[in-house]
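Novice: Got structure15.csv for you, CSV, C-alpha atoms and all ligand atoms:
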chain,number,residue,atom,x,y,z
A,1,MET,CA,27.4,84.4,96.9
A,2,ARG,CA,30.6,83.7,98.9
A,3,HIS,CA,30.9,80.2,100.3
A,4,ASP,CA,31.3,80.4,104.1
A,5,PRO,CA,34.5,78.4,104.8
A,6,LEU,CA,33.5,78.4,108.5
A,7,ALA,CA,30.2,76.8,108.0
A,8,PHE,CA,31.3,73.6,109.8
A,9,LEU,CA,31.5,75.6,113.1
A,10,ALA,CA,27.7,76.0,113.1
A,11,ALA,CA,27.4,72.2,112.7
A,12,ASP,CA,29.6,71.6,115.7
A,13,LEU,CA,27.6,74.1,117.8
A,14,GLU,CA,24.4,72.4,116.7
A,15,SER,CA,25.8,69.0,117.8
A,16,LEU,CA,26.6,70.5,121.3
A,17,ARG,CA,23.0,71.8,121.5
A,18,GLN,CA,21.6,68.4,120.7
A,19,GLN,CA,23.7,66.8,123.4
A,20,GLY,CA,22.5,69.4,125.9
A,21,LEU,CA,26.1,70.6,126.3
A,22,TYR,CA,25.7,74.1,124.7
A,23,ARG,CA,26.5,76.8,127.3
A,24,HIS,CA,25.5,80.4,127.5
A,25,LEU,CA,28.0,82.6,129.2
A,26,ARG,CA,26.6,83.7,132.6
A,27,ILE,CA,26.9,87.4,132.9
A,28,LEU,CA,28.0,88.8,136.3
A,29,GLU,CA,26.3,92.1,136.9
A,30,GLY,CA,28.3,93.3,139.9
A,31,GLU,CA,31.4,92.4,141.9
A,32,GLN,CA,32.8,88.9,142.1
A,33,LYS,CA,31.3,88.1,145.6
A,34,PRO,CA,29.9,85.1,147.4
A,35,LYS,CA,26.3,86.4,146.9
A,36,THR,CA,25.9,88.4,143.8
A,37,SER,CA,23.8,88.8,140.6
A,38,PHE,CA,24.3,86.7,137.4
A,39,ASP,CA,21.9,87.0,134.6
A,40,HIS,CA,19.6,89.2,136.7
A,41,ARG,CA,19.3,86.6,139.4
A,42,GLN,CA,20.7,86.9,143.0
A,43,VAL,CA,22.6,83.7,143.6
A,44,VAL,CA,25.0,82.2,146.1
A,45,ASN,CA,28.1,82.0,144.0
A,46,LEU,CA,29.9,78.6,144.2
A,47,SER,CA,31.7,79.0,140.9
A,48,SER,CA,34.5,81.5,141.4
A,49,ASN,CA,38.1,80.8,142.2
A,50,ASN,CA,38.1,83.9,144.5
A,51,TYR,CA,39.0,81.6,147.5
A,52,LEU,CA,39.9,84.4,149.9
A,53,GLY,CA,37.5,87.1,148.7
A,54,LEU,CA,40.4,89.3,147.6
A,55,THR,CA,38.8,90.4,144.4
A,56,THR,CA,37.0,93.1,146.5
A,57,HIS,CA,39.4,93.4,149.4
A,58,PRO,CA,39.7,97.1,150.4
A,59,ARG,CA,43.5,97.1,150.6
A,60,LEU,CA,43.8,95.7,147.1
A,61,ARG,CA,41.3,98.1,145.7
A,62,LYS,CA,42.9,101.1,147.3
A,63,VAL,CA,46.5,100.4,146.0
A,64,ALA,CA,45.2,99.5,142.5
A,65,LEU,CA,43.5,103.0,142.4
A,66,GLU,CA,46.6,104.7,143.7
A,67,ALA,CA,48.9,102.9,141.2
A,68,THR,CA,46.6,103.9,138.4
A,69,GLU,CA,46.6,107.6,139.5
A,70,LYS,CA,50.4,107.5,139.9
A,71,LEU,CA,51.5,105.3,137.0
A,72,GLY,CA,48.7,105.2,134.5
A,73,VAL,CA,46.5,102.4,133.2
A,74,GLY,CA,49.0,100.4,131.1
A,75,SER,CA,52.6,99.4,130.8
A,76,GLY,CA,52.8,100.1,127.1
A,77,SER,CA,55.2,97.4,126.1
A,78,VAL,CA,56.4,93.8,126.6
A,79,ARG,CA,58.7,93.2,129.5
A,80,THR,CA,61.9,92.8,127.4
A,81,ILE,CA,61.5,96.2,125.6
A,82,ALA,CA,60.0,99.1,127.6
A,83,GLY,CA,57.4,97.3,129.7
A,84,THR,CA,59.3,96.4,132.9
A,85,MET,CA,58.3,98.9,135.6
A,86,ASP,CA,59.7,99.1,139.1
A,87,ILE,CA,56.5,97.7,140.5
A,88,HIS,CA,56.8,94.5,138.3
A,89,MET,CA,60.3,93.9,139.7
A,90,GLU,CA,59.1,94.6,143.3
A,91,LEU,CA,56.3,92.0,142.8
A,92,GLU,CA,58.8,89.4,141.6
A,93,ARG,CA,61.1,90.0,144.5
A,94,ARG,CA,58.2,89.8,147.0
A,95,LEU,CA,56.9,86.6,145.5
A,96,ALA,CA,60.3,85.0,145.5
A,97,ALA,CA,60.7,85.8,149.2
A,98,PHE,CA,57.2,84.5,149.9
A,99,LYS,CA,57.8,81.3,148.0
A,100,LYS,CA,61.3,80.9,149.6
A,101,THR,CA,63.0,80.6,146.1
A,102,GLU,CA,65.8,82.6,144.6
A,103,ALA,CA,63.7,84.3,142.0
A,104,VAL,CA,60.3,84.6,140.3
A,105,VAL,CA,59.1,85.7,136.9
A,106,VAL,CA,55.6,87.0,136.5
A,107,PHE,CA,53.5,86.2,133.4
A,108,GLN,CA,50.3,87.7,132.1
A,109,SER,CA,48.3,84.6,133.4
A,110,GLY,CA,48.8,81.2,134.9
A,111,PHE,CA,48.1,79.8,131.5
A,112,ALA,CA,50.9,81.7,130.0
A,113,ALA,CA,53.2,80.7,132.8
A,114,ASN,CA,52.6,77.0,132.3
A,115,ALA,CA,52.5,77.0,128.5
A,116,GLY,CA,55.4,79.4,128.1
A,117,THR,CA,57.7,77.6,130.6
A,118,VAL,CA,57.2,74.0,129.4
A,119,ALA,CA,57.7,75.1,125.8
A,120,ALA,CA,60.8,77.1,126.7
A,121,VAL,CA,62.5,74.4,128.8
A,122,LEU,CA,62.0,71.4,126.5
A,123,SER,CA,62.6,70.8,122.8
A,124,LYS,CA,61.9,68.1,120.3
A,125,ASP,CA,64.3,65.5,121.5
A,126,ASP,CA,63.1,65.7,125.1
A,127,PHE,CA,60.4,64.0,127.1
A,128,VAL,CA,57.6,65.2,129.3
A,129,VAL,CA,55.9,62.8,131.8
A,130,SER,CA,52.6,64.3,132.7
A,131,ASP,CA,49.6,63.3,135.0
A,132,GLU,CA,46.5,62.6,132.8
A,133,LEU,CA,44.5,65.2,134.6
A,134,ASN,CA,47.0,68.1,134.4
A,135,HIS,CA,45.6,71.4,133.3
A,136,ALA,CA,45.1,72.4,129.7
A,137,SER,CA,47.8,75.0,129.9
A,138,ILE,CA,50.4,72.3,130.7
A,139,ILE,CA,49.1,70.1,127.9
A,140,ASP,CA,49.4,73.0,125.5
A,141,GLY,CA,52.9,73.8,126.7
A,142,CYS,CA,53.9,70.2,126.2
A,143,ARG,CA,52.5,70.3,122.6
A,144,LEU,CA,54.3,73.6,121.9
A,145,SER,CA,57.6,72.2,123.1
A,146,ARG,CA,57.4,69.4,120.5
A,147,ALA,CA,58.9,67.0,123.2
A,148,THR,CA,57.5,63.5,123.3
A,149,ILE,CA,54.6,63.5,125.7
A,150,LYS,CA,54.1,60.5,128.0
A,151,VAL,CA,50.9,60.6,130.1
A,152,PHE,CA,50.6,58.5,133.3
A,153,PRO,CA,47.2,57.6,134.9
A,154,HIS,CA,46.1,60.1,137.5
A,155,LYS,CA,48.4,60.1,140.6
A,156,ASP,CA,49.8,56.7,139.6
A,157,VAL,CA,53.4,57.2,140.9
A,158,ASP,CA,54.5,53.7,140.0
A,159,ALA,CA,53.3,54.2,136.4
A,160,ALA,CA,55.2,57.6,136.2
A,161,ARG,CA,58.3,55.8,137.6
A,162,LYS,CA,58.0,53.1,134.9
A,163,VAL,CA,57.6,55.6,132.1
A,164,LEU,CA,60.8,57.4,133.3
A,165,LYS,CA,62.7,54.1,133.7
A,166,ASP,CA,61.8,53.1,130.2
A,167,LEU,CA,62.8,56.3,128.5
A,168,PRO,CA,65.9,56.2,126.3
A,169,GLY,CA,69.0,57.0,128.2
A,170,GLY,CA,71.9,59.1,128.1
A,171,LYS,CA,73.4,59.6,131.5
A,172,ALA,CA,71.5,62.1,133.5
A,173,GLY,CA,73.4,65.4,133.4
A,174,SER,CA,75.4,64.4,130.3
A,175,LYS,CA,75.3,67.0,127.5
A,176,ASP,CA,73.5,64.8,125.0
A,177,ALA,CA,71.0,63.2,127.4
A,178,PRO,CA,67.4,64.1,126.6
A,179,ARG,CA,65.8,66.3,129.2
A,180,LYS,CA,63.0,64.8,131.1
A,181,LEU,CA,60.3,66.8,132.8
A,182,LEU,CA,57.9,65.3,135.4
A,183,ILE,CA,54.9,67.5,135.9
A,184,THR,CA,51.8,67.5,138.1
A,185,ASP,CA,49.2,69.9,139.3
A,186,GLY,CA,49.5,70.6,143.0
A,187,VAL,CA,45.7,70.6,143.3
A,188,PHE,CA,43.6,69.2,140.4
A,189,SER,CA,41.2,71.8,139.3
A,190,MET,CA,38.2,69.6,138.5
A,191,ASP,CA,38.5,67.0,141.3
A,192,GLY,CA,40.1,69.1,144.1
A,193,ASP,CA,42.5,66.3,145.0
A,194,LEU,CA,46.2,66.9,145.8
A,195,GLY,CA,48.9,65.8,143.4
A,196,ALA,CA,51.3,63.1,144.6
A,197,VAL,CA,54.0,65.8,145.1
A,198,PRO,CA,56.5,64.2,147.5
A,199,GLU,CA,56.3,60.8,145.8
A,200,LEU,CA,56.9,62.3,142.4
A,201,CYS,CA,59.8,64.4,143.7
A,202,ALA,CA,61.5,61.2,144.8
A,203,VAL,CA,60.9,59.7,141.3
A,204,ALA,CA,62.2,62.8,139.6
A,205,GLU,CA,65.3,62.6,141.8
A,206,GLU,CA,65.8,58.9,141.0
A,207,PHE,CA,65.9,59.6,137.3
A,208,GLY,CA,67.4,63.0,137.2
A,209,ALA,CA,64.2,64.6,135.8
A,210,ILE,CA,63.2,68.2,136.2
A,211,MET,CA,60.3,68.4,138.7
A,212,MET,CA,57.5,70.9,138.0
A,213,VAL,CA,54.3,71.6,140.0
A,214,ASP,CA,51.4,73.8,138.9
A,215,ASP,CA,50.1,75.3,142.2
A,216,ALA,CA,47.4,77.4,140.6
A,217,HIS,CA,44.7,76.2,143.0
A,218,ALA,CA,47.1,75.7,145.9
A,219,SER,CA,48.5,79.3,146.1
A,220,GLY,CA,46.7,81.1,148.9
A,221,VAL,CA,45.0,77.9,150.0
A,222,PHE,CA,47.6,75.3,151.1
A,223,GLY,CA,50.8,75.7,153.2
A,224,LYS,CA,51.8,78.3,155.7
A,225,ASN,CA,50.2,81.6,154.8
A,226,GLY,CA,49.1,80.0,151.5
A,227,ARG,CA,52.5,79.2,150.2
A,228,GLY,CA,51.2,76.2,148.3
A,229,THR,CA,51.7,72.5,148.1
A,230,ILE,CA,55.5,72.7,148.2
A,231,ASP,CA,55.2,74.2,151.7
A,232,HIS,CA,52.3,71.9,152.6
A,233,PHE,CA,54.3,68.8,151.8
A,234,GLU,CA,57.6,70.3,153.0
A,235,VAL,CA,59.4,69.7,149.7
A,236,HIS,CA,61.2,73.1,149.5
A,237,GLY,CA,64.2,72.8,147.3
A,238,ARG,CA,63.0,69.6,145.6
A,239,VAL,CA,60.7,71.2,143.0
A,240,ASP,CA,62.7,72.8,140.2
A,241,VAL,CA,59.8,74.7,138.6
A,242,GLN,CA,56.9,76.0,140.8
A,243,VAL,CA,54.0,77.7,139.0
A,244,GLY,CA,51.5,79.8,140.8
A,245,THR,CA,48.6,82.0,139.7
A,246,LEU,CA,47.7,85.5,140.7
A,247,SER,CA,44.2,85.1,139.3
A,248,LYS,CA,42.5,82.8,141.8
A,249,ALA,CA,43.1,83.1,145.6
A,250,ILE,CA,45.2,86.2,145.0
A,251,GLY,CA,42.1,87.8,143.4
A,252,VAL,CA,43.8,89.7,140.6
A,253,LEU,CA,45.4,88.4,137.3
A,254,GLY,CA,48.6,86.8,136.3
A,255,GLY,CA,50.8,83.7,136.9
A,256,TYR,CA,54.3,83.2,138.0
A,257,VAL,CA,57.2,80.8,138.0
A,258,ALA,CA,59.4,80.4,141.1
A,259,GLY,CA,62.8,78.7,141.0
A,260,THR,CA,66.5,79.4,140.8
A,261,LYS,CA,67.9,82.7,139.5
A,262,THR,CA,69.2,80.8,136.4
A,263,LEU,CA,65.8,79.4,135.6
A,264,ILE,CA,64.2,82.8,135.9
A,265,GLU,CA,66.9,84.5,133.8
A,266,PHE,CA,66.5,81.8,131.2
A,267,LEU,CA,62.7,82.4,131.1
A,268,TYR,CA,63.3,86.1,130.7
A,269,HIS,CA,65.2,85.2,127.5
A,270,ARG,CA,63.2,82.3,126.1
A,271,ALA,CA,59.6,82.2,127.4
A,272,ARG,CA,57.5,83.4,124.5
A,273,PRO,CA,54.6,85.0,126.4
A,274,PHE,CA,57.2,87.0,128.4
A,275,LEU,CA,59.0,88.1,125.3
A,276,PHE,CA,56.0,88.7,123.0
A,277,SER,CA,53.0,89.9,125.1
A,278,THR,CA,52.6,93.1,127.0
A,279,SER,CA,53.1,93.2,130.8
A,280,HIS,CA,50.5,93.9,133.4
A,281,PRO,CA,49.1,97.3,134.1
A,282,PRO,CA,50.6,98.8,137.3
A,283,ALA,CA,47.3,98.4,139.1
A,284,VAL,CA,47.5,94.7,138.7
A,285,ALA,CA,51.0,94.5,140.1
A,286,ALA,CA,50.1,96.8,143.0
A,287,ALA,CA,47.1,94.8,143.9
A,288,CYS,CA,49.1,91.5,143.8
A,289,LEU,CA,51.6,93.1,146.2
A,290,ALA,CA,48.8,94.0,148.6
A,291,ALA,CA,47.5,90.5,148.3
A,292,VAL,CA,50.8,89.1,149.5
A,293,ASP,CA,50.6,91.5,152.5
A,294,VAL,CA,47.2,90.1,153.2
A,295,LEU,CA,48.4,86.5,153.1
A,296,GLU,CA,51.2,87.4,155.5
A,297,GLN,CA,49.3,89.7,157.8
A,298,GLU,CA,45.7,88.2,157.8
A,299,PRO,CA,46.2,84.4,157.7
A,300,GLU,CA,42.9,84.0,159.6
A,301,ILE,CA,41.2,84.5,156.1
A,302,ILE,CA,42.7,81.1,155.1
A,303,ASP,CA,41.4,79.5,158.3
A,304,ARG,CA,37.9,80.8,157.4
A,305,LEU,CA,38.2,79.3,154.0
A,306,TRP,CA,39.0,75.9,155.5
A,307,ASP,CA,36.2,76.2,158.1
A,308,ASN,CA,33.7,76.8,155.3
A,309,THR,CA,35.2,74.1,153.2
A,310,ARG,CA,34.8,71.5,155.9
A,311,PHE,CA,31.2,72.6,156.6
A,312,PHE,CA,30.1,72.5,153.0
A,313,LYS,CA,31.8,69.3,152.1
A,314,ALA,CA,30.3,67.5,155.1
A,315,GLY,CA,26.9,68.9,154.2
A,316,LEU,CA,27.1,67.5,150.6
A,317,ASN,CA,28.4,64.1,151.8
A,318,THR,CA,25.6,63.9,154.4
A,319,LEU,CA,23.0,64.5,151.7
A,320,GLY,CA,24.5,61.5,149.8
A,321,PHE,CA,26.2,63.3,146.8
A,322,ASN,CA,29.3,61.7,145.3
A,323,THR,CA,32.0,64.3,145.9
A,324,GLY,CA,34.9,62.2,144.6
A,325,LEU,CA,38.3,62.4,146.2
A,326,SER,CA,38.4,66.2,146.9
A,327,GLN,CA,40.9,67.4,149.6
A,328,SER,CA,40.5,71.1,148.9
A,329,PRO,CA,37.8,73.8,148.7
A,330,ILE,CA,37.0,72.5,145.2
A,331,THR,CA,34.3,70.0,145.7
A,332,PRO,CA,32.8,68.3,142.7
A,333,VAL,CA,29.3,66.8,142.7
A,334,ILE,CA,29.8,64.0,140.2
A,335,VAL,CA,26.7,62.8,138.4
A,336,GLY,CA,28.2,61.0,135.4
A,337,ASP,CA,26.1,62.0,132.4
A,338,GLY,CA,26.9,65.4,130.8
A,339,ALA,CA,23.3,66.5,130.1
A,340,LEU,CA,22.3,65.6,133.7
A,341,ALA,CA,25.2,67.7,135.0
A,342,MET,CA,24.0,70.7,133.0
A,343,LYS,CA,20.4,70.1,134.1
A,344,LEU,CA,21.5,70.0,137.7
A,345,SER,CA,23.5,73.2,137.3
A,346,ASP,CA,20.5,75.0,135.6
A,347,ARG,CA,18.0,73.8,138.3
A,348,LEU,CA,20.4,74.9,141.1
A,349,PHE,CA,20.6,78.3,139.4
A,350,ASP,CA,16.8,78.6,139.2
A,351,GLY,CA,16.8,77.9,142.9
A,352,GLY,CA,19.4,80.6,143.6
A,353,VAL,CA,22.7,78.7,143.6
A,354,PHE,CA,25.4,79.1,140.9
A,355,ALA,CA,27.5,76.0,140.5
A,356,GLN,CA,28.9,75.4,137.0
A,357,GLY,CA,28.2,72.2,135.2
A,358,ILE,CA,31.3,70.6,133.7
A,359,ALA,CA,31.2,67.9,131.0
A,360,PHE,CA,33.4,66.3,128.3
A,361,PRO,CA,36.0,67.3,127.1
A,362,THR,CA,36.9,69.2,130.3
A,363,VAL,CA,36.3,65.9,132.2
A,364,ALA,CA,35.9,62.3,131.1
A,365,ARG,CA,32.6,61.5,129.4
A,366,ASP,CA,31.2,59.5,132.3
A,367,LYS,CA,32.4,61.9,135.0
A,368,ALA,CA,30.3,65.0,134.3
A,369,ARG,CA,29.7,67.0,137.4
A,370,VAL,CA,28.7,70.3,138.9
A,371,ARG,CA,31.8,71.9,140.5
A,372,THR,CA,31.5,73.9,143.7
A,373,ILE,CA,34.1,76.2,145.3
A,374,VAL,CA,33.5,77.8,148.6
A,375,THR,CA,35.3,80.9,149.7
A,376,ALA,CA,36.4,82.4,153.0
A,377,THR,CA,33.8,85.1,152.6
A,378,HIS,CA,30.7,82.9,152.3
A,379,THR,CA,28.5,83.2,155.4
A,380,ARG,CA,27.2,80.0,157.0
A,381,ASP,CA,23.6,81.1,156.1
A,382,GLU,CA,24.7,81.3,152.4
A,383,LEU,CA,26.3,77.9,152.5
A,384,GLN,CA,23.3,76.3,154.4
A,385,PHE,CA,21.0,77.9,151.8
A,386,ALA,CA,23.1,76.3,149.0
A,387,LEU,CA,22.9,72.9,150.7
A,388,ASP,CA,19.1,73.1,151.0
A,389,VAL,CA,18.8,73.9,147.3
A,390,PHE,CA,21.2,71.0,146.5
A,391,SER,CA,19.1,68.7,148.6
A,392,LYS,CA,15.8,69.7,146.9
A,393,VAL,CA,17.1,69.7,143.3
A,394,GLY,CA,19.2,66.5,143.9
A,395,ARG,CA,16.1,64.6,145.0
A,396,GLU,CA,13.9,66.0,142.2
A,397,LEU,CA,16.5,64.8,139.6
A,398,GLY,CA,16.9,61.4,141.3
A,399,ILE,CA,20.6,62.0,142.0
A,400,ILE,CA,20.1,61.4,145.8
A,401,LYS,CA,17.4,59.7,147.7
B,501,LIG,C1,45.5,74.0,137.4
B,501,LIG,C2,45.4,75.3,136.7
B,501,LIG,N1,46.6,75.8,136.2
B,501,LIG,C3,46.6,77.0,135.5
B,501,LIG,C4,45.5,77.7,135.3
B,501,LIG,C5,45.6,79.0,134.6
B,501,LIG,O1,45.6,80.1,135.5
B,501,LIG,P1,45.1,81.5,135.0
B,501,LIG,O2,43.6,81.6,135.1
B,501,LIG,O3,45.8,82.5,135.9
B,501,LIG,O4,45.5,81.7,133.6
B,501,LIG,C6,44.3,77.3,135.8
B,501,LIG,C7,43.1,78.1,135.6
B,501,LIG,O5,42.1,77.7,135.2
B,501,LIG,C8,44.2,76.0,136.5
B,501,LIG,O6,43.1,75.6,137.0
Would you encode the structure as structure tokens?

Specialist:
Amino acid sequence: MRHDPLAFLAADLESLRQQGLYRHLRILEGEQKPKTSFDHRQVVNLSSNNYLGLTTHPRLRKVALEATEKLGVGSGSVRTIAGTMDIHMELERRLAAFKKTEAVVVFQSGFAANAGTVAAVLSKDDFVVSDELNHASIIDGCRLSRATIKVFPHKDVDAARKVLKDLPGGKAGSKDAPRKLLITDGVFSMDGDLGAVPELCAVAEEFGAIMMVDDAHASGVFGKNGRGTIDHFEVHGRVDVQVGTLSKAIGVLGGYVAGTKTLIEFLYHRARPFLFSTSHPPAVAAACLAAVDVLEQEPEIIDRLWDNTRFFKAGLNTLGFNTGLSQSPITPVIVGDGALAMKLSDRLFDGGVFAQGIAFPTVARDKARVRTIVTATHTRDELQFALDVFSKVGRELGIIK
């Protein structure tokens, strides 16, 4: 009989089961909406990144169907060969104008945008200085670049400054000086707090470092019309590399980098996901374009998101849950133990509320949590129902009194 060289995987999975950390994928049976059916149960959905409800917005749906009728279902090639369609270029121009930068390049996902960009910009003699809670796609990009990775404690600007100060020199700007990249999330995906963007911009300027911000959870949420943290903090022109996603508030799929024309041209030539993976179907680009129209023409959607966020956050805090340092629609309910977080999530689900449990390695071992995300399209009744279920289950599990 053939020996199974992958047998060790089953042992790993068994260990997850024993720790209570094994997860079944929840299956969504209909549309991605605030109240919907997962695993044959109607639930209030507090687990999607569909901040503005655009996954089912009639304008996006309509243009996606029209683009499919007119242009087909796929692009048929990578961007650098035959896969750059008019509509891809139109989306990049539109996003650049929206973000107030010279140019934009769109990637297949936010993950590809982060990983592809960091790996393209740096090489093995360079340095990356990265917040400890930055997203996995940034971490992977850093690893792929082979640059030396220096991690600073979460939002500790003094520590980031010290790291940069202690890096081996070369005069900033001189040909042989190693490149230094300082990088933070705009909004941290597990805690919902904002990155120290203006302070880190100042540090980057002091040491001639490239400043990069991943605004995946800020796009469509922070800043005028959802332009992100660069607009929120008024640091236009001080962030060299801005990453955004089209997969969360924009409601569709993709990621992008906004910056100078030179940066974007460089990424057209050197970013490996751009070079070696097929571009978006036209329907995706068309829907993203319509999403930008919605951000510009229906900003009241963003106001509704923030009204709901304030209501729900206040409700959880009044009940006595530990919601950490969140400043955004992402509100964690931190319980500490991984198995307890999974139990809380399961019991909420039984009660009609879907809020995903998150444990190590996604968050620190003692910071397991259930993560909630409200959207603009939740009704007050749905959010109140969710709070009532949180109250009941939280008491039953001894998390609140
Ligand atoms: C902070 C952050 N950056 C990047 C990404 C990746 O975005 P996408 O889902 O578009 O690949 C995510 C998504 O999980 C994220 O939370």

Novice: Quick one, how far is atom CA of Leu246 of chain A from atom CA of Cys201 of chain A?

Specialist: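 Here the two named atoms are 24.5 Å from each other.
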
Novice: A:Asp193, A:Arg238, A:Ile139, A:Glu199: which is nearest Ala160 of chain A, counting all atoms listed in the file?

Specialist: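 The closest residue to Ala160 of chain A is A:Glu199.
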
Novice: Return the single residue from A:Arg17, A:Lys367, A:Arg380, A:His217 that is closest to Ile330 of chain A, with distances computed using all atoms listed in the file.

Specialist: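 Under the stated criterion, the closest residue is A:His217.
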
Novice: Write out as a list in words which residues come within 6 Å of Arg270 of chain A when counting all atoms listed in the file, dropping same-chain ones fewer than 2 positions away.

Specialist: Ala120, Leu267 and Tyr268 of chain A

Novice: Record the distance separating atom CA of Asp214 of chain A and atom CA of Gly186 of chain A, expressed in Å with one decimal.

Specialist: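 Taking atom CA of Asp214 of chain A and atom CA of Gly186 of chain A, their separation equals 5.5 Å.
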
Novice: Could you check which residues have any atom within 10 Å of (50.7, 72.5, 128.6), counting only C-alpha atoms with coordinates taken straight from the file, and then list them as a list in words?

Specialist: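 Checking each residue against the 10 Å limit leaves Phe111, Ala112, Ala113, Asn114, Ala115, Gly116, Thr117, Val118, Ala119, Ser130, Asn134, His135, Ala136, Ser137, Ile138, Ile139, Asp140, Gly141, Cys142, Arg143, Leu144, Ser145 and Ile183 of chain A.
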
Novice: For ligand LIG 501 (chain B), which residue out of A:Pro178, A:Gly72, A:Gly110, A:Pro299 is the nearest one, using all atoms listed in the file?

Specialist: A:Gly110

Novice: Counting all atoms listed in the file, what is within 6 Å of segment 37-43 of chain A, bar same-chain residues fewer than 4 positions away, as a ChimeraX atom specification?

Specialist: /A:27-29,352-353

Novice: Name all residues at most 10 Å from Leu133 of chain A (count all atoms listed in the file; drop same-chain ones fewer than 3 positions away) and give them as a PyMOL selection string.

Specialist: chain A and resi 130+136+139+151-155+184-185+188-191+195+362-364

Novice: For Gly351 of chain A, which of A:Asp4, A:Asp388, A:Glu90, A:Asp381 is the closest residue, counting only C-alpha atoms?

Specialist: A:Asp388
